[in-house]
>>> print(open('input-v5.txt').read())   # compact mmCIF, C-alpha atoms
# COMPACT_ATOMS: atom_id res chain seq x y z
CA LEU P 1 -10.66 33.07 -28.85
CA PHE P 2 -9.98 36.77 -29.57
CA LEU P 3 -8.64 39.11 -26.91
CA ALA P 4 -8.55 42.87 -27.46
CA ARG P 5 -5.43 43.16 -25.29
CA PRO P 6 -3.05 40.79 -23.48
CA PRO P 7 -4.68 39.64 -20.22
CA ALA P 8 -3.27 41.08 -17.02
CA HIS P 9 -5.31 39.04 -14.50
CA VAL P 10 -5.29 35.44 -15.71
CA LEU P 11 -7.03 32.77 -13.68
CA ALA P 12 -6.07 29.13 -14.16
CA THR P 13 -8.82 27.11 -12.50
CA ASN P 14 -6.86 23.88 -11.99
CA ALA P 15 -3.29 22.73 -11.38
CA ALA P 16 -2.50 21.74 -14.98
CA GLY P 17 -3.68 25.10 -16.29
CA LEU P 18 -1.54 26.82 -13.68
CA ASP P 19 1.49 24.87 -14.91
CA PHE P 20 1.09 26.37 -18.37
CA VAL P 21 0.48 29.88 -17.07
CA SER P 22 3.30 29.87 -14.51
CA LEU P 23 5.80 28.72 -17.13
CA LEU P 24 4.98 31.77 -19.21
CA VAL P 25 4.29 34.63 -16.77
CA GLY P 26 4.83 35.59 -13.17
CA PRO P 27 2.29 35.93 -10.33
CA GLU P 28 1.88 39.63 -11.05
CA ARG P 29 -0.24 38.73 -14.08
CA CYS P 30 -2.49 36.27 -12.27
CA ALA P 31 -5.74 36.99 -10.46
CA ALA P 32 -5.40 33.99 -8.12
CA VAL P 33 -4.30 30.37 -7.98
CA PRO P 34 -6.50 27.29 -7.64
CA ALA P 35 -6.84 25.79 -4.17
CA GLU P 36 -4.75 22.74 -5.18
CA ALA P 37 -1.90 24.87 -6.58
CA PHE P 38 0.73 23.91 -4.05
CA GLY P 39 -0.01 20.20 -4.00
CA TYR P 40 -0.73 19.30 -7.61
CA SER P 41 1.08 21.86 -9.78
CA ARG P 42 4.71 22.64 -10.58
CA LEU P 43 4.50 25.22 -7.76
CA SER P 44 4.26 22.47 -5.16
CA GLY P 45 6.08 23.50 -2.00
CA GLN P 46 6.28 27.18 -3.00
CA GLU P 47 3.60 28.51 -0.66
CA ASP P 48 6.14 30.83 0.96
CA GLY P 49 7.23 32.39 -2.34
CA PRO P 50 5.64 35.12 -4.51
CA TRP P 51 2.97 32.75 -5.85
CA GLY P 52 1.85 32.09 -2.31
CA THR P 53 0.77 35.72 -1.87
CA LEU P 54 -2.02 35.37 -4.45
CA PRO P 55 -5.63 34.74 -3.44
CA ARG P 56 -6.90 31.15 -3.65
CA LEU P 57 -9.80 30.08 -5.84
CA ALA P 58 -11.75 28.24 -3.16
CA SER P 59 -13.91 26.24 -5.57
CA PHE P 60 -14.79 26.19 -9.25
CA SER P 61 -18.04 28.12 -9.15
CA GLY P 62 -19.18 31.12 -11.15
CA GLU P 63 -19.51 33.17 -7.97
CA HIS P 64 -15.96 32.48 -6.79
CA VAL P 65 -14.39 32.93 -10.23
CA LEU P 66 -16.13 36.21 -11.03
CA ALA P 67 -15.33 37.63 -7.57
CA LEU P 68 -11.66 37.51 -8.53
CA ALA P 69 -12.26 39.73 -11.60
CA PRO P 70 -10.11 37.77 -14.08
CA ASP P 71 -9.71 38.99 -17.65
CA LEU P 72 -9.01 35.45 -18.93
CA VAL P 73 -10.04 32.12 -17.44
CA LEU P 74 -8.21 28.89 -18.30
CA ALA P 75 -10.17 25.72 -17.61
CA HIS P 76 -10.34 22.12 -18.82
CA ARG P 77 -13.21 20.38 -20.53
CA TRP P 78 -13.73 18.01 -17.59
CA GLN P 79 -14.76 20.96 -15.41
CA SER P 80 -18.40 22.00 -14.98
CA ALA P 81 -19.93 23.08 -18.31
CA GLU P 82 -22.59 25.01 -16.41
CA THR P 83 -19.97 27.03 -14.55
CA LEU P 84 -18.00 27.67 -17.73
CA ALA P 85 -21.16 28.93 -19.44
CA ALA P 86 -21.94 31.25 -16.53
CA ILE P 87 -18.43 32.76 -16.63
CA ALA P 88 -18.62 33.31 -20.39
CA ALA P 89 -22.12 34.80 -20.06
CA ALA P 90 -20.68 37.37 -17.64
CA GLY P 91 -18.39 38.56 -20.42
CA VAL P 92 -15.15 36.95 -19.21
CA PRO P 93 -13.10 35.27 -21.98
CA VAL P 94 -12.72 31.54 -21.33
CA LEU P 95 -10.22 29.14 -22.87
CA VAL P 96 -11.32 25.54 -22.41
CA LEU P 97 -8.47 23.06 -22.86
CA ASP P 98 -8.69 19.37 -23.68
CA VAL P 99 -6.74 16.88 -21.58
CA PRO P 100 -3.76 16.01 -23.82
CA GLU P 101 -3.65 12.59 -25.43
CA SER P 102 -0.10 13.02 -26.75
CA TRP P 103 3.08 14.96 -26.03
CA GLU P 104 2.49 16.94 -29.23
CA ALA P 105 -0.85 18.10 -27.83
CA VAL P 106 0.92 19.37 -24.70
CA LEU P 107 3.32 21.42 -26.83
CA ASP P 108 0.46 22.76 -28.96
CA THR P 109 -1.32 23.93 -25.82
CA LEU P 110 1.80 25.66 -24.54
CA GLU P 111 2.12 27.51 -27.84
CA LEU P 112 -1.57 28.49 -27.79
CA VAL P 113 -1.48 29.80 -24.23
CA GLY P 114 1.74 31.67 -25.02
CA ALA P 115 0.03 33.40 -27.92
CA LEU P 116 -3.00 34.38 -25.83
CA LEU P 117 -0.77 35.81 -23.10
CA ASP P 118 1.33 37.64 -25.72
CA GLU P 119 4.35 35.61 -24.60
CA ARG P 120 5.19 34.00 -27.94
CA GLU P 121 8.94 34.41 -27.55
CA ARG P 122 8.91 32.84 -24.09
CA ALA P 123 6.76 29.99 -25.40
CA GLN P 124 9.23 29.29 -28.20
CA GLU P 125 12.13 29.27 -25.72
CA LEU P 126 10.24 26.75 -23.60
CA LEU P 127 9.46 24.58 -26.60
CA LEU P 128 13.16 24.41 -27.47
CA GLU P 129 14.08 23.60 -23.86
CA LEU P 130 11.47 20.87 -23.66
CA GLU P 131 12.59 19.33 -26.95
CA ALA P 132 16.22 19.30 -25.77
CA ARG P 133 15.18 17.58 -22.54
CA ARG P 134 13.03 15.07 -24.43
CA THR P 135 15.94 14.22 -26.74
CA ALA P 136 18.24 13.71 -23.77
CA LEU P 137 15.63 11.49 -22.14
CA VAL P 138 15.30 9.37 -25.28
CA ASN P 139 19.01 8.64 -25.06
CA ARG P 140 18.89 7.82 -21.35
CA SER P 141 15.82 5.59 -21.64
CA ALA P 142 16.96 3.62 -24.70
CA ARG P 143 17.89 0.64 -22.50
CA PHE P 144 14.23 0.25 -21.49
CA ASP P 145 13.00 -0.18 -25.05
CA GLY P 146 10.55 -3.08 -25.10
CA GLN P 147 9.84 -3.00 -21.37
CA ARG P 148 6.15 -2.81 -20.45
CA GLY P 149 4.99 -0.15 -18.00
CA LEU P 150 1.62 0.34 -16.35
CA CYS P 151 0.13 3.37 -14.60
CA TYR P 152 -2.02 2.04 -11.76
CA THR P 153 -4.24 3.72 -9.18
CA ASN P 154 -6.02 2.16 -6.22
CA LEU P 155 -7.14 4.29 -3.29
CA GLY P 156 -9.45 1.75 -1.76
CA ALA P 157 -12.31 1.52 -4.24
CA GLY P 158 -10.66 -0.80 -6.75
CA GLY P 159 -7.76 -0.52 -9.15
CA TRP P 160 -7.59 1.41 -12.42
CA VAL P 161 -5.07 1.48 -15.23
CA ALA P 162 -4.37 4.15 -17.86
CA GLY P 163 -4.72 2.99 -21.44
CA ALA P 164 -4.22 4.81 -24.74
CA ARG P 165 -5.18 8.48 -25.05
CA THR P 166 -4.44 9.26 -21.40
CA THR P 167 -1.81 11.35 -19.66
CA GLY P 168 -0.48 8.11 -18.16
CA ASP P 169 0.17 6.86 -21.67
CA VAL P 170 2.05 10.09 -22.48
CA LEU P 171 4.14 9.68 -19.32
CA LEU P 172 5.12 6.07 -20.08
CA THR P 173 5.88 6.81 -23.72
CA LEU P 174 8.12 9.74 -22.82
CA ALA P 175 10.02 7.41 -20.48
CA GLY P 176 10.63 4.96 -23.34
CA LEU P 177 8.26 2.30 -22.02
CA THR P 178 5.50 0.44 -23.83
CA ASN P 179 2.16 1.09 -22.14
CA ALA P 180 0.99 -2.46 -21.37
CA ALA P 181 -2.64 -1.32 -21.10
CA ALA P 182 -2.62 0.50 -24.44
CA ALA P 183 -0.83 -2.40 -26.12
CA SER P 184 -3.63 -4.70 -24.96
CA GLY P 185 -6.27 -2.49 -26.60
CA ILE P 186 -7.39 -0.46 -23.57
CA THR P 187 -8.35 3.16 -24.28
CA GLY P 188 -8.86 5.64 -21.48
CA ASP P 189 -8.92 4.68 -17.80
CA ALA P 190 -10.19 1.15 -17.17
CA PRO P 191 -10.88 -1.00 -14.09
CA ALA P 192 -8.07 -3.43 -13.34
CA GLU P 193 -8.95 -6.49 -11.30
CA LYS P 194 -6.16 -8.90 -10.33
CA GLU P 195 -6.71 -11.11 -13.36
CA ARG P 196 -6.21 -8.14 -15.67
CA LEU P 197 -2.97 -7.19 -13.94
CA PHE P 198 -1.58 -10.67 -14.52
CA ALA P 199 -2.76 -10.61 -18.13
CA LEU P 200 -1.06 -7.26 -18.72
CA ALA P 201 2.17 -8.56 -17.14
CA PRO P 202 3.93 -5.21 -16.71
CA ASP P 203 7.68 -5.07 -16.12
CA VAL P 204 7.21 -1.94 -14.01
CA ILE P 205 4.18 -0.37 -12.33
CA VAL P 206 3.97 3.40 -11.85
CA VAL P 207 1.75 4.72 -9.05
CA GLY P 208 1.13 8.04 -7.36
CA ARG P 209 2.01 8.88 -3.80
CA PRO P 210 -0.98 10.01 -1.74
CA ASP P 211 -1.31 13.74 -1.27
CA ARG P 212 -1.53 15.34 2.15
CA SER P 213 -5.34 15.23 2.20
CA GLU P 214 -5.68 11.49 1.53
CA SER P 215 -6.01 9.04 4.40
CA ALA P 216 -6.22 5.91 2.23
CA PRO P 217 -3.03 3.89 1.75
CA PRO P 218 -1.21 4.65 -1.50
CA SER P 219 -1.59 2.36 -4.49
CA ALA P 220 1.77 0.72 -3.87
CA GLU P 221 0.58 -0.59 -0.51
CA PHE P 222 -2.38 -2.30 -2.14
CA LEU P 223 -0.08 -3.99 -4.63
CA LEU P 224 2.48 -5.10 -2.05
CA GLY P 225 -0.07 -6.03 0.60
CA ASP P 226 -2.24 -8.35 -1.50
CA PRO P 227 -0.99 -11.96 -1.27
CA ALA P 228 -2.74 -12.77 -4.55
CA LEU P 229 -0.44 -10.33 -6.36
CA ALA P 230 2.81 -11.59 -4.82
CA ALA P 231 3.60 -13.61 -7.94
CA LEU P 232 3.13 -10.65 -10.30
CA PRO P 233 6.69 -10.03 -11.55
CA ALA P 234 6.65 -6.26 -11.05
CA VAL P 235 5.43 -6.77 -7.47
CA LYS P 236 7.69 -9.72 -6.71
CA GLU P 237 10.74 -7.81 -7.93
CA ARG P 238 9.61 -4.55 -6.27
CA ARG P 239 9.65 -2.75 -9.61
CA ILE P 240 7.08 -0.21 -8.46
CA VAL P 241 7.84 3.49 -8.93
CA ALA P 242 5.87 6.06 -6.94
CA LEU P 243 5.68 9.59 -8.32
CA SER P 244 4.51 12.70 -6.48
CA PRO P 245 0.95 13.90 -7.21
CA GLN P 246 2.07 16.88 -9.29
CA LEU P 247 3.91 14.53 -11.66
CA PHE P 248 1.63 11.48 -11.69
CA THR P 249 -1.64 13.32 -12.22
CA THR P 250 -0.54 16.25 -14.36
CA ALA P 251 -1.81 17.18 -17.83
CA SER P 252 0.89 19.75 -18.57
CA PRO P 253 4.56 19.96 -19.64
CA GLU P 254 5.34 18.54 -16.19
CA LEU P 255 4.65 15.13 -17.78
CA LEU P 256 8.20 15.35 -19.10
CA ARG P 257 9.56 15.93 -15.60
CA GLY P 258 7.55 12.94 -14.44
CA ALA P 259 9.12 10.82 -17.17
CA GLU P 260 12.58 12.07 -16.20
CA VAL P 261 12.02 11.08 -12.57
CA LEU P 262 10.63 7.73 -13.69
CA VAL P 263 13.75 7.01 -15.74
CA ASP P 264 15.94 8.06 -12.78
CA GLU P 265 14.07 5.56 -10.60
CA LEU P 266 14.33 2.79 -13.19
CA LEU P 267 18.08 3.32 -13.47
CA ALA P 268 18.36 3.19 -9.68
CA LEU P 269 16.42 -0.09 -9.65
CA GLU P 270 18.93 -1.57 -12.08
CA GLU P 271 21.74 -0.76 -9.65
CA ARG P 272 20.17 -2.58 -6.68
>>> encode(input="input-v5.txt", output="structure tokens")
Amino acid sequence: LFLARPPAHVLATNAAGLDFVSLLVGPERCAAVPAEAFGYSRLSGQEDGPWGTLPRLASFSGEHVLALAPDLVLAHRWQSAETLAAIAAAGVPVLVLDVPESWEAVLDTLELVGALLDERERAQELLLELEARRTALVNRSARFDGQRGLCYTNLGAGGWVAGARTTGDVLLTLAGLTNAAAASGITGDAPAEKERLFALAPDVIVVGRPDRSESAPPSAEFLLGDPALAALPAVKERRIVALSPQLFTTASPELLRGAEVLVDELLALEER
């Protein structure tokens, strides 16, 4: 992607893209923020700050995006290809990101976005900070080496686990845990009936807390409320860690913060 000049009105069309952008530049260089910005991004809870004064992208449609007059759009490949094509056809540069399958991919994306925004120096500073935090986390999480973790989601329509090549796998690996699903040969997100949970035998299960718009019970309640799962060691021993939505569902450098919180929770569980 070639840009004639550094963009001054960037539009990240989802929370993960906003994480990358907001690490590198301030709100003055952004055209708007996605509707989910303050629930699913690193800006969660900052509605009353400078970022909260920006317009909201109501939905990911060509009409709504173009109305904001961005000079660079950041999107992810899972978003509508038709909408992405319409934006590009209107002459707006579009950077389409892949969902990262490794921590290295997250860092590569940060460096790429930094270059496009002409914030290379800031990007390099962030890369050094992230590497220092990751090294510190490796030391703190060493005691969990060999323990099996599992990222699990169930909002009422059945359970799912995150296997290899998922952001859940990146999260668990950063926290020093073996991803039980990946170790069993699962790639991507896969259905997880009760028999599969027992076969995976995780030492700890990581779930997301429900966001403010969800009325269904959180995943942890399904695990703890099902008598058939009472004998599952992670359930029996209450080794279930719930992360906030912006950490559990992210595809950005915030995965490291999620891993840091996970390790904090695991250490607290050891002290019970």
>>> closest_residue(input="input-v5.txt", among="P:Ser219, P:Gln124, P:Ser22, P:Asn154", to="Leu43 (chain P)", atoms="all atoms listed in the file")
P:Ser22
>>> closest_residue(input="input-v5.txt", among="P:Pro202, P:Pro233, P:Pro218, P:Pro253", to="Phe20 (chain P)", atoms="all atoms listed in the file")
P:Pro253
>>> residues_near_point(input="input-v5.txt", point="(-3.2, -7.4, -5.1)", cutoff="10 Å", atoms="only C-alpha atoms", output="list in words")
Gly159, Glu193, Lys194, Glu195, Leu197, Ser219, Ala220, Glu221, Phe222, Leu223, Leu224, Gly225, Asp226, Pro227, Ala228, Leu229, Ala230, Ala231, Leu232 and Val235 of chain P
>>> closest_residue(input="input-v5.txt", among="P:Cys151, P:Leu11, P:Leu107, P:Ala190", to="Leu243 (chain P)", atoms="all atoms listed in the file")
P:Cys151
>>> closest_residue(input="input-v5.txt", among="P:Leu172, P:Ala201, P:Val206, P:Ala8", to="Arg29 (chain P)", atoms="only C-alpha atoms")
P:Ala8
>>> atom_distance(input="input-v5.txt", atom1="CA of Gly208 (chain P)", atom2="CA of Cys30 (chain P)")
28.9 Å
>>> atom_distance(input="input-v5.txt", atom1="CA of Thr109 (chain P)", atom2="CA of Val263 (chain P)")
24.8 Å
>>> atom_distance(input="input-v5.txt", atom1="CA of Leu255 (chain P)", atom2="CA of Pro191 (chain P)")
22.7 Å
>>> residues_around(input="input-v5.txt", residues="region 94-96 of chain P", least_positions_apart="5", cutoff="8 Å", atoms="only C-alpha atoms", output="list in words")
Leu1, Leu72, Val73, Leu74, Ala75, His76, Arg77, Leu84, Ile87 and Ala88 of chain P
>>> write_last_selection(input="input-v5.txt", atoms="C-alpha atoms", output="PDB file, in the coordinates of the input")
ATOM      1  CA  LEU P   1     -10.660  33.070 -28.850  1.00  0.00           C
ATOM      2  CA  LEU P  72      -9.010  35.450 -18.930  1.00  0.00           C
ATOM      3  CA  VAL P  73     -10.040  32.120 -17.440  1.00  0.00           C
ATOM      4  CA  LEU P  74      -8.210  28.890 -18.300  1.00  0.00           C
ATOM      5  CA  ALA P  75     -10.170  25.720 -17.610  1.00  0.00           C
ATOM      6  CA  HIS P  76     -10.340  22.120 -18.820  1.00  0.00           C
ATOM      7  CA  ARG P  77     -13.210  20.380 -20.530  1.00  0.00           C
ATOM      8  CA  LEU P  84     -18.000  27.670 -17.730  1.00  0.00           C
ATOM      9  CA  ILE P  87     -18.430  32.760 -16.630  1.00  0.00           C
ATOM     10  CA  ALA P  88     -18.620  33.310 -20.390  1.00  0.00           C
TER      11      ALA P  88
END
>>> closest_residue(input="input-v5.txt", among="P:Ser141, P:Leu150, P:Asp203, P:Phe198", to="Asp264 (chain P)", atoms="all atoms listed in the file")
P:Ser141
>>> closest_residue(input="input-v5.txt", among="P:Leu54, P:Val261, P:Leu130, P:Ala136", to="Phe248 (chain P)", atoms="all atoms listed in the file")
P:Val261
>>> residues_around(input="input-v5.txt", residues="Ser61 (chain P)", least_positions_apart="6", cutoff="12 Å", atoms="all atoms listed in the file", output="compact mmCIF listing (two decimals) with C-alpha atoms, in the frame of the given file")
# COMPACT_ATOMS: atom_id res chain seq x y z
CA THR P 13 -8.82 27.11 -12.50
CA PRO P 34 -6.50 27.29 -7.64
CA ALA P 67 -15.33 37.63 -7.57
CA LEU P 68 -11.66 37.51 -8.53
CA ALA P 75 -10.17 25.72 -17.61
CA GLN P 79 -14.76 20.96 -15.41
CA SER P 80 -18.40 22.00 -14.98
CA ALA P 81 -19.93 23.08 -18.31
CA GLU P 82 -22.59 25.01 -16.41
CA THR P 83 -19.97 27.03 -14.55
CA LEU P 84 -18.00 27.67 -17.73
CA ALA P 85 -21.16 28.93 -19.44
CA ALA P 86 -21.94 31.25 -16.53
CA ILE P 87 -18.43 32.76 -16.63
>>> residues_around(input="input-v5.txt", residues="Val99 (chain P)", least_positions_apart="4", cutoff="10 Å", atoms="only C-alpha atoms", output="list in words")
Ala16, His76, Arg77, Trp78, Ala105, Val106, Thr109, Arg165, Thr166, Thr167, Thr250, Ala251 and Ser252 of chain P
>>> residues_around(input="input-v5.txt", residues="Ala164 (chain P)", least_positions_apart="3", cutoff="9 Å", atoms="all atoms listed in the file", output="PyMOL selection string")
chain P and resi 101+167-170+179+181-183+185-189
>>> write_last_selection(input="input-v5.txt", atoms="C-alpha atoms", output="CSV table (one decimal), in the coordinates of the input")
chain,number,residue,atom,x,y,z
P,101,GLU,CA,-3.6,12.6,-25.4
P,167,THR,CA,-1.8,11.4,-19.7
P,168,GLY,CA,-0.5,8.1,-18.2
P,169,ASP,CA,0.2,6.9,-21.7
P,170,VAL,CA,2.0,10.1,-22.5
P,179,ASN,CA,2.2,1.1,-22.1
P,181,ALA,CA,-2.6,-1.3,-21.1
P,182,ALA,CA,-2.6,0.5,-24.4
P,183,ALA,CA,-0.8,-2.4,-26.1
P,185,GLY,CA,-6.3,-2.5,-26.6
P,186,ILE,CA,-7.4,-0.5,-23.6
P,187,THR,CA,-8.4,3.2,-24.3
P,188,GLY,CA,-8.9,5.6,-21.5
P,189,ASP,CA,-8.9,4.7,-17.8
>>> build_atoms(input="input-v5.txt", residues="region 150-161 of chain P", atoms="all heavy atoms", output="short mmCIF file (atom, residue, chain, number, x, y, z; two decimals), keeping the file's coordinate frame")
data_model
loop_
_atom_site.label_atom_id
_atom_site.label_comp_id
_atom_site.auth_asym_id
_atom_site.auth_seq_id
_atom_site.Cartn_x
_atom_site.Cartn_y
_atom_site.Cartn_z
N LEU P 150 3.05 0.24 -16.64
CA LEU P 150 1.62 0.34 -16.35
C LEU P 150 1.40 1.42 -15.31
O LEU P 150 2.02 1.40 -14.25
CB LEU P 150 1.09 -1.00 -15.83
CG LEU P 150 -0.43 -1.15 -15.73
CD1 LEU P 150 -1.07 -1.12 -17.11
CD2 LEU P 150 -0.78 -2.45 -15.00
N CYS P 151 0.53 2.38 -15.60
CA CYS P 151 0.13 3.37 -14.60
C CYS P 151 -1.10 2.84 -13.87
O CYS P 151 -2.13 2.56 -14.50
CB CYS P 151 -0.19 4.71 -15.28
SG CYS P 151 1.28 5.62 -15.79
N TYR P 152 -0.99 2.71 -12.56
CA TYR P 152 -2.02 2.04 -11.76
C TYR P 152 -2.41 2.92 -10.59
O TYR P 152 -1.56 3.55 -9.94
CB TYR P 152 -1.45 0.71 -11.25
CG TYR P 152 -2.36 -0.03 -10.28
CD1 TYR P 152 -3.40 -0.82 -10.75
CD2 TYR P 152 -2.14 0.03 -8.91
CE1 TYR P 152 -4.22 -1.52 -9.86
CE2 TYR P 152 -2.94 -0.67 -8.02
CZ TYR P 152 -3.98 -1.44 -8.51
OH TYR P 152 -4.79 -2.13 -7.63
N THR P 153 -3.71 2.95 -10.31
CA THR P 153 -4.24 3.72 -9.18
C THR P 153 -5.23 2.87 -8.41
O THR P 153 -6.13 2.25 -9.00
CB THR P 153 -4.93 5.01 -9.65
OG1 THR P 153 -3.99 5.81 -10.37
CG2 THR P 153 -5.47 5.79 -8.47
N ASN P 154 -5.07 2.84 -7.08
CA ASN P 154 -6.02 2.16 -6.22
C ASN P 154 -5.99 2.86 -4.86
O ASN P 154 -5.02 2.75 -4.12
CB ASN P 154 -5.68 0.68 -6.05
CG ASN P 154 -6.77 -0.09 -5.33
OD1 ASN P 154 -7.48 0.45 -4.50
ND2 ASN P 154 -6.90 -1.36 -5.64
N LEU P 155 -7.06 3.58 -4.56
CA LEU P 155 -7.14 4.29 -3.29
C LEU P 155 -8.22 3.70 -2.39
O LEU P 155 -8.77 4.37 -1.52
CB LEU P 155 -7.40 5.79 -3.54
CG LEU P 155 -6.29 6.52 -4.30
CD1 LEU P 155 -6.67 7.97 -4.51
CD2 LEU P 155 -4.96 6.41 -3.59
N GLY P 156 -8.53 2.43 -2.63
CA GLY P 156 -9.45 1.75 -1.76
C GLY P 156 -10.75 1.32 -2.39
O GLY P 156 -11.49 0.52 -1.82
N ALA P 157 -11.04 1.85 -3.57
CA ALA P 157 -12.31 1.52 -4.24
C ALA P 157 -12.09 0.69 -5.49
O ALA P 157 -12.92 0.67 -6.39
CB ALA P 157 -13.06 2.80 -4.59
N GLY P 158 -10.97 0.00 -5.57
CA GLY P 158 -10.66 -0.80 -6.75
C GLY P 158 -9.56 -0.17 -7.57
O GLY P 158 -9.34 1.04 -7.52
N GLY P 159 -8.88 -1.00 -8.35
CA GLY P 159 -7.76 -0.52 -9.15
C GLY P 159 -8.17 -0.07 -10.53
O GLY P 159 -9.13 -0.56 -11.11
N TRP P 160 -7.39 0.88 -11.07
CA TRP P 160 -7.59 1.41 -12.42
C TRP P 160 -6.26 1.52 -13.13
O TRP P 160 -5.23 1.78 -12.48
CB TRP P 160 -8.25 2.80 -12.37
CG TRP P 160 -9.66 2.76 -11.88
CD1 TRP P 160 -10.09 2.61 -10.60
CD2 TRP P 160 -10.84 2.85 -12.69
NE1 TRP P 160 -11.46 2.60 -10.54
CE2 TRP P 160 -11.95 2.75 -11.82
CE3 TRP P 160 -11.08 3.01 -14.06
CZ2 TRP P 160 -13.26 2.81 -12.28
CZ3 TRP P 160 -12.38 3.08 -14.51
CH2 TRP P 160 -13.46 2.97 -13.63
N VAL P 161 -6.28 1.31 -14.43
CA VAL P 161 -5.07 1.48 -15.23
C VAL P 161 -5.33 2.50 -16.33
O VAL P 161 -6.48 2.72 -16.74
CB VAL P 161 -4.59 0.14 -15.84
CG1 VAL P 161 -4.14 -0.80 -14.74
CG2 VAL P 161 -5.67 -0.48 -16.71
#
